[in-house]
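Structure below is entry12.pdb: PDB, C-alpha atoms.
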ATOM      1  CA  MET X   1       8.927   0.855  25.429
ATOM      2  CA  LEU X   2       8.211  -0.612  22.010
ATOM      3  CA  SER X   3       8.920  -4.231  21.204
ATOM      4  CA  TYR X   4       8.541  -6.321  18.061
ATOM      5  CA  GLN X   5       7.099  -9.805  17.786
ATOM      6  CA  LYS X   6       5.682 -12.163  15.196
ATOM      7  CA  LEU X   7       1.930 -12.438  14.806
ATOM      8  CA  THR X   8       0.482 -15.430  16.630
ATOM      9  CA  GLU X   9      -3.000 -16.943  16.454
ATOM     10  CA  GLU X  10      -3.913 -15.278  19.779
ATOM     11  CA  LYS X  11      -3.492 -11.834  18.219
ATOM     12  CA  VAL X  12      -5.205 -12.512  14.867
ATOM     13  CA  ASP X  13      -8.542 -10.923  15.851
ATOM     14  CA  ARG X  14      -6.896  -7.610  16.784
ATOM     15  CA  PHE X  15      -4.667  -7.841  13.699
ATOM     16  CA  ILE X  16      -7.815  -8.153  11.539
ATOM     17  CA  GLU X  17      -9.365  -5.091  13.239
ATOM     18  CA  MET X  18      -6.252  -3.099  12.368
ATOM     19  CA  ARG X  19      -6.256  -4.433   8.782
ATOM     20  CA  ILE X  20      -9.860  -3.237   8.355
ATOM     21  CA  ASN X  21      -8.973   0.155   9.896
ATOM     22  CA  GLN X  22      -6.136   0.410   7.361
ATOM     23  CA  LEU X  23      -8.475  -0.361   4.451
ATOM     24  CA  ARG X  24     -10.960   2.241   5.731
ATOM     25  CA  GLU X  25      -8.211   4.858   6.027
ATOM     26  CA  GLU X  26      -7.224   4.087   2.425
ATOM     27  CA  GLY X  27     -10.815   4.794   1.341
ATOM     28  CA  ALA X  28     -12.110   1.268   0.726
ATOM     29  CA  THR X  29     -15.837   0.750   0.176
ATOM     30  CA  GLU X  30     -17.219  -1.743   2.674
ATOM     31  CA  ASP X  31     -19.863  -3.751   0.897
ATOM     32  CA  ILE X  32     -19.197  -7.099   2.643
ATOM     33  CA  ASP X  33     -18.093  -8.406   6.043
ATOM     34  CA  LEU X  34     -14.436  -9.133   5.390
ATOM     35  CA  VAL X  35     -13.659 -10.646   8.816
ATOM     36  CA  PRO X  36     -14.516 -14.300   8.011
ATOM     37  CA  ALA X  37     -12.435 -14.266   4.811
ATOM     38  CA  LEU X  38      -9.480 -12.639   6.600
ATOM     39  CA  LYS X  39      -9.680 -15.144   9.493
ATOM     40  CA  ASP X  40      -9.707 -18.020   7.011
ATOM     41  CA  TYR X  41      -6.789 -16.575   5.031
ATOM     42  CA  TYR X  42      -4.544 -15.930   8.040
ATOM     43  CA  LYS X  43      -5.321 -19.303   9.632
ATOM     44  CA  ARG X  44      -4.464 -21.245   6.466
ATOM     45  CA  HIS X  45      -1.420 -19.272   5.419
ATOM     46  CA  MET X  46       0.124 -18.844   8.869
ATOM     47  CA  SER X  47      -0.139 -22.597   9.410
ATOM     48  CA  ASP X  48       1.550 -23.502   6.103
ATOM     49  CA  GLY X  49       4.207 -20.779   6.415
ATOM     50  CA  THR X  50       3.100 -18.719   3.403
ATOM     51  CA  PHE X  51       2.107 -15.677   5.481
ATOM     52  CA  VAL X  52       4.161 -13.991   8.170
ATOM     53  CA  SER X  53       3.630 -10.775  10.067
ATOM     54  CA  TRP X  54       5.698  -8.725  12.472
ATOM     55  CA  LEU X  55       3.933  -6.495  14.983
ATOM     56  CA  ALA X  56       5.064  -3.411  16.880
ATOM     57  CA  MET X  57       3.872  -3.610  20.469
ATOM     58  CA  ASP X  58       3.523  -0.963  23.165
ATOM     59  CA  GLY X  59       3.053  -3.253  26.135
ATOM     60  CA  ASP X  60       0.089  -5.465  25.173
ATOM     61  CA  LYS X  61      -1.188  -3.007  22.557
ATOM     62  CA  ILE X  62      -0.500  -3.606  18.844
ATOM     63  CA  VAL X  63       0.589  -0.239  17.415
ATOM     64  CA  GLY X  64       1.986  -1.344  14.051
ATOM     65  CA  THR X  65       1.413  -4.211  11.657
ATOM     66  CA  SER X  66       3.060  -5.718   8.615
ATOM     67  CA  GLY X  67       2.429  -8.755   6.470
ATOM     68  CA  MET X  68       4.192 -10.791   3.831
ATOM     69  CA  SER X  69       2.512 -13.442   1.690
ATOM     70  CA  PHE X  70       4.730 -15.834  -0.207
ATOM     71  CA  VAL X  71       3.664 -16.861  -3.716
ATOM     72  CA  GLU X  72       5.385 -18.749  -6.486
ATOM     73  CA  LYS X  73       5.143 -18.261 -10.219
ATOM     74  CA  PRO X  74       7.213 -19.569 -13.101
ATOM     75  CA  PRO X  75      10.793 -18.324 -12.766
ATOM     76  CA  TYR X  76      11.809 -15.359 -14.905
ATOM     77  CA  PHE X  77      15.054 -13.450 -15.380
ATOM     78  CA  GLY X  78      14.148 -10.822 -12.792
ATOM     79  CA  CYS X  79      13.255 -13.527 -10.244
ATOM     80  CA  PRO X  80      14.945 -16.861 -11.070
ATOM     81  CA  SER X  81      13.468 -18.610  -8.005
ATOM     82  CA  GLY X  82       9.923 -17.690  -9.021
ATOM     83  CA  ARG X  83       9.249 -16.987  -5.350
ATOM     84  CA  MET X  84       7.820 -13.571  -4.578
ATOM     85  CA  GLY X  85       6.780 -11.737  -1.447
ATOM     86  CA  LEU X  86       3.573  -9.725  -1.544
ATOM     87  CA  LEU X  87       3.706  -7.037   1.100
ATOM     88  CA  SER X  88       0.464  -6.067   2.844
ATOM     89  CA  SER X  89      -0.988  -4.853   6.110
ATOM     90  CA  MET X  90       1.584  -2.097   6.615
ATOM     91  CA  PHE X  91      -0.195   0.065   9.165
ATOM     92  CA  THR X  92       0.877   2.178  12.126
ATOM     93  CA  ASP X  93      -1.540   3.539  14.714
ATOM     94  CA  PRO X  94      -1.862   7.302  14.013
ATOM     95  CA  GLY X  95      -0.547   8.154  17.492
ATOM     96  CA  TYR X  96       2.689   6.253  16.792
ATOM     97  CA  ARG X  97       3.589   7.495  13.326
ATOM     98  CA  ARG X  98       6.912   9.150  12.384
ATOM     99  CA  MET X  99       8.809   7.046  14.960
ATOM    100  CA  GLY X 100      10.480   4.560  12.597
ATOM    101  CA  ILE X 101       8.020   1.751  13.353
ATOM    102  CA  ALA X 102       6.981   1.110   9.733
ATOM    103  CA  LYS X 103      10.610   1.033   8.586
ATOM    104  CA  GLU X 104      11.501  -1.493  11.295
ATOM    105  CA  LEU X 105       8.501  -3.683  10.456
ATOM    106  CA  LEU X 106       9.271  -3.437   6.738
ATOM    107  CA  SER X 107      12.878  -4.522   7.239
ATOM    108  CA  ARG X 108      11.721  -7.528   9.307
ATOM    109  CA  VAL X 109       9.190  -8.824   6.765
ATOM    110  CA  VAL X 110      11.574  -8.193   3.852
ATOM    111  CA  GLU X 111      14.115 -10.321   5.742
ATOM    112  CA  GLU X 112      11.436 -13.032   6.074
ATOM    113  CA  ALA X 113      10.962 -12.930   2.292
ATOM    114  CA  ARG X 114      14.719 -13.211   1.752
ATOM    115  CA  ALA X 115      14.877 -16.202   4.124
ATOM    116  CA  TYR X 116      11.960 -17.852   2.281
ATOM    117  CA  GLY X 117      13.973 -17.596  -0.943
ATOM    118  CA  CYS X 118      11.992 -14.811  -2.609
ATOM    119  CA  GLY X 119      13.722 -12.982  -5.439
ATOM    120  CA  THR X 120      11.462  -9.954  -5.285
ATOM    121  CA  VAL X 121       8.922  -8.211  -3.043
ATOM    122  CA  GLN X 122       5.935  -6.362  -4.465
ATOM    123  CA  ILE X 123       3.399  -3.972  -2.986
ATOM    124  CA  THR X 124       0.533  -1.815  -4.116
ATOM    125  CA  ALA X 125       1.434   1.253  -2.071
ATOM    126  CA  SER X 126      -0.992   3.762  -0.625
ATOM    127  CA  ASP X 127      -0.150   7.412  -1.247
ATOM    128  CA  MET X 128       0.990   7.635   2.367
ATOM    129  CA  GLY X 129       3.346   4.656   2.009
ATOM    130  CA  VAL X 130       5.140   5.608  -1.197
ATOM    131  CA  LEU X 131       7.900   7.591   0.540
ATOM    132  CA  LEU X 132       8.593   4.770   3.014
ATOM    133  CA  TYR X 133       8.985   2.249   0.203
ATOM    134  CA  THR X 134      11.060   4.427  -2.120
ATOM    135  CA  ASP X 135      13.373   5.351   0.786
ATOM    136  CA  PHE X 136      13.746   1.621   1.505
ATOM    137  CA  GLY X 137      14.727   0.947  -2.121
ATOM    138  CA  PHE X 138      11.486  -0.116  -3.815
ATOM    139  CA  VAL X 139      11.154   1.084  -7.416
ATOM    140  CA  LYS X 140       7.948   1.677  -9.351
ATOM    141  CA  ASN X 141       7.074  -0.791 -12.076
ATOM    142  CA  GLY X 142       4.905   1.118 -14.516
ATOM    143  CA  ASN X 143       3.780  -2.104 -16.241
ATOM    144  CA  PHE X 144       1.716  -3.364 -13.308
ATOM    145  CA  MET X 145      -1.879  -3.899 -14.419
ATOM    146  CA  GLN X 146      -4.878  -5.570 -12.836
ATOM    147  CA  TYR X 147      -8.007  -7.191 -14.212
ATOM    148  CA  LYS X 148     -10.906  -7.560 -11.773
ATOM    149  CA  LEU X 149     -12.934 -10.762 -11.998
TER     150      LEU X 149
END
I need this file expressed as structure tokens, please.
Amino acid sequence: MLSYQKLTEEKVDRFIEMRINQLREEGATEDIDLVPALKDYYKRHMSDGTFVSWLAMDGDKIVGTSGMSFVEKPPYFGCPSGRMGLLSSMFTDPGYRRMGIAKELLSRVVEEARAYGCGTVQITASDMGVLLYTDFGFVKNGNFMQYKL
């Protein structure tokens, strides 16, 4: 029986393992140990309320993850509050896919963003995730660009 719960500090280590598995599955090149930076990020942002995650649980086992970071930028017409949710860490254990878990997790973290006062939610979607997000109502913004420092 699956259940859903918010990420707590006790589960952060396993959450980080799953985040790294997700990045590997997406083809990331591992040239550093990311664990210390992830631990620092989650500790700081969970404590100040600017990161929230819902987990799918099968008993004590985490089988699905989600994450929402809250950021603020100057208000604009498309987002008058200036508050935005950045979706991350959407991952479902391969043995649990196609069961509606990702959709349930997505709806929970989007609701968290709404409650925080966000006017928009953004994600850089993996090829695998595009269908989930478009079905949910996300639209592509062809102007998104990135500059690596």
Check which residues satisfy the PyMOL selection byres ((chain X and resi 37-52) around 12) in the file shown, then give them as a PyMOL selection string.
chain X and resi 5-20+32-36+53-55+65-72+83-89+105-106+108-113+115-118
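Distance check against Gly59 in chain X using only C-alpha atoms: of X:Thr29, X:Asn21, X:Ser81, X:Ser3, the minimum falls on X:Ser3.
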Kindly give the distance, in Å, that separates CA of Met90 in chain X and CA of Leu131 in chain X, rounded to a single decimal.
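That distance, rounded to one decimal, is 13.1 Å.
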If I take CA of Met128 in chain X and CA of Met57 in chain X, how far is one from the other in Å, to one decimal?
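Straight-line distance from CA of Met128 in chain X to CA of Met57 in chain X works out to 21.5 Å.
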Draw an axis-aligned box tight on the listed atoms of range 99-110 of chain X, then pad every side by 4 Å and write out centre and edge lengths in Å to one decimal as JSON.
{"center_x": 9.9, "center_y": -0.9, "center_z": 9.4, "size_x": 13.9, "size_y": 23.9, "size_z": 19.1}
Using Å and a single decimal, report how far CA of Thr124 in chain X sits from CA of Glu26 in chain X.
11.7 Å
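In this comparison, which uses only C-alpha atoms, the residue of X:Cys79, X:Leu149, X:Leu2, X:Ala102 approaching Asp135 in chain X most closely is X:Ala102.
Among the candidate residues X:Lys103, X:Phe77, X:Arg97, X:Tyr4, the one lying nearest to Thr134 in chain X is X:Lys103, with distances computed using all atoms listed in the file.
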Nearest to Pro94 in chain X by atom-to-atom distance, counting all atoms listed in the file, from X:Val63, X:Gln122, X:Val139, X:Phe144
X:Val63
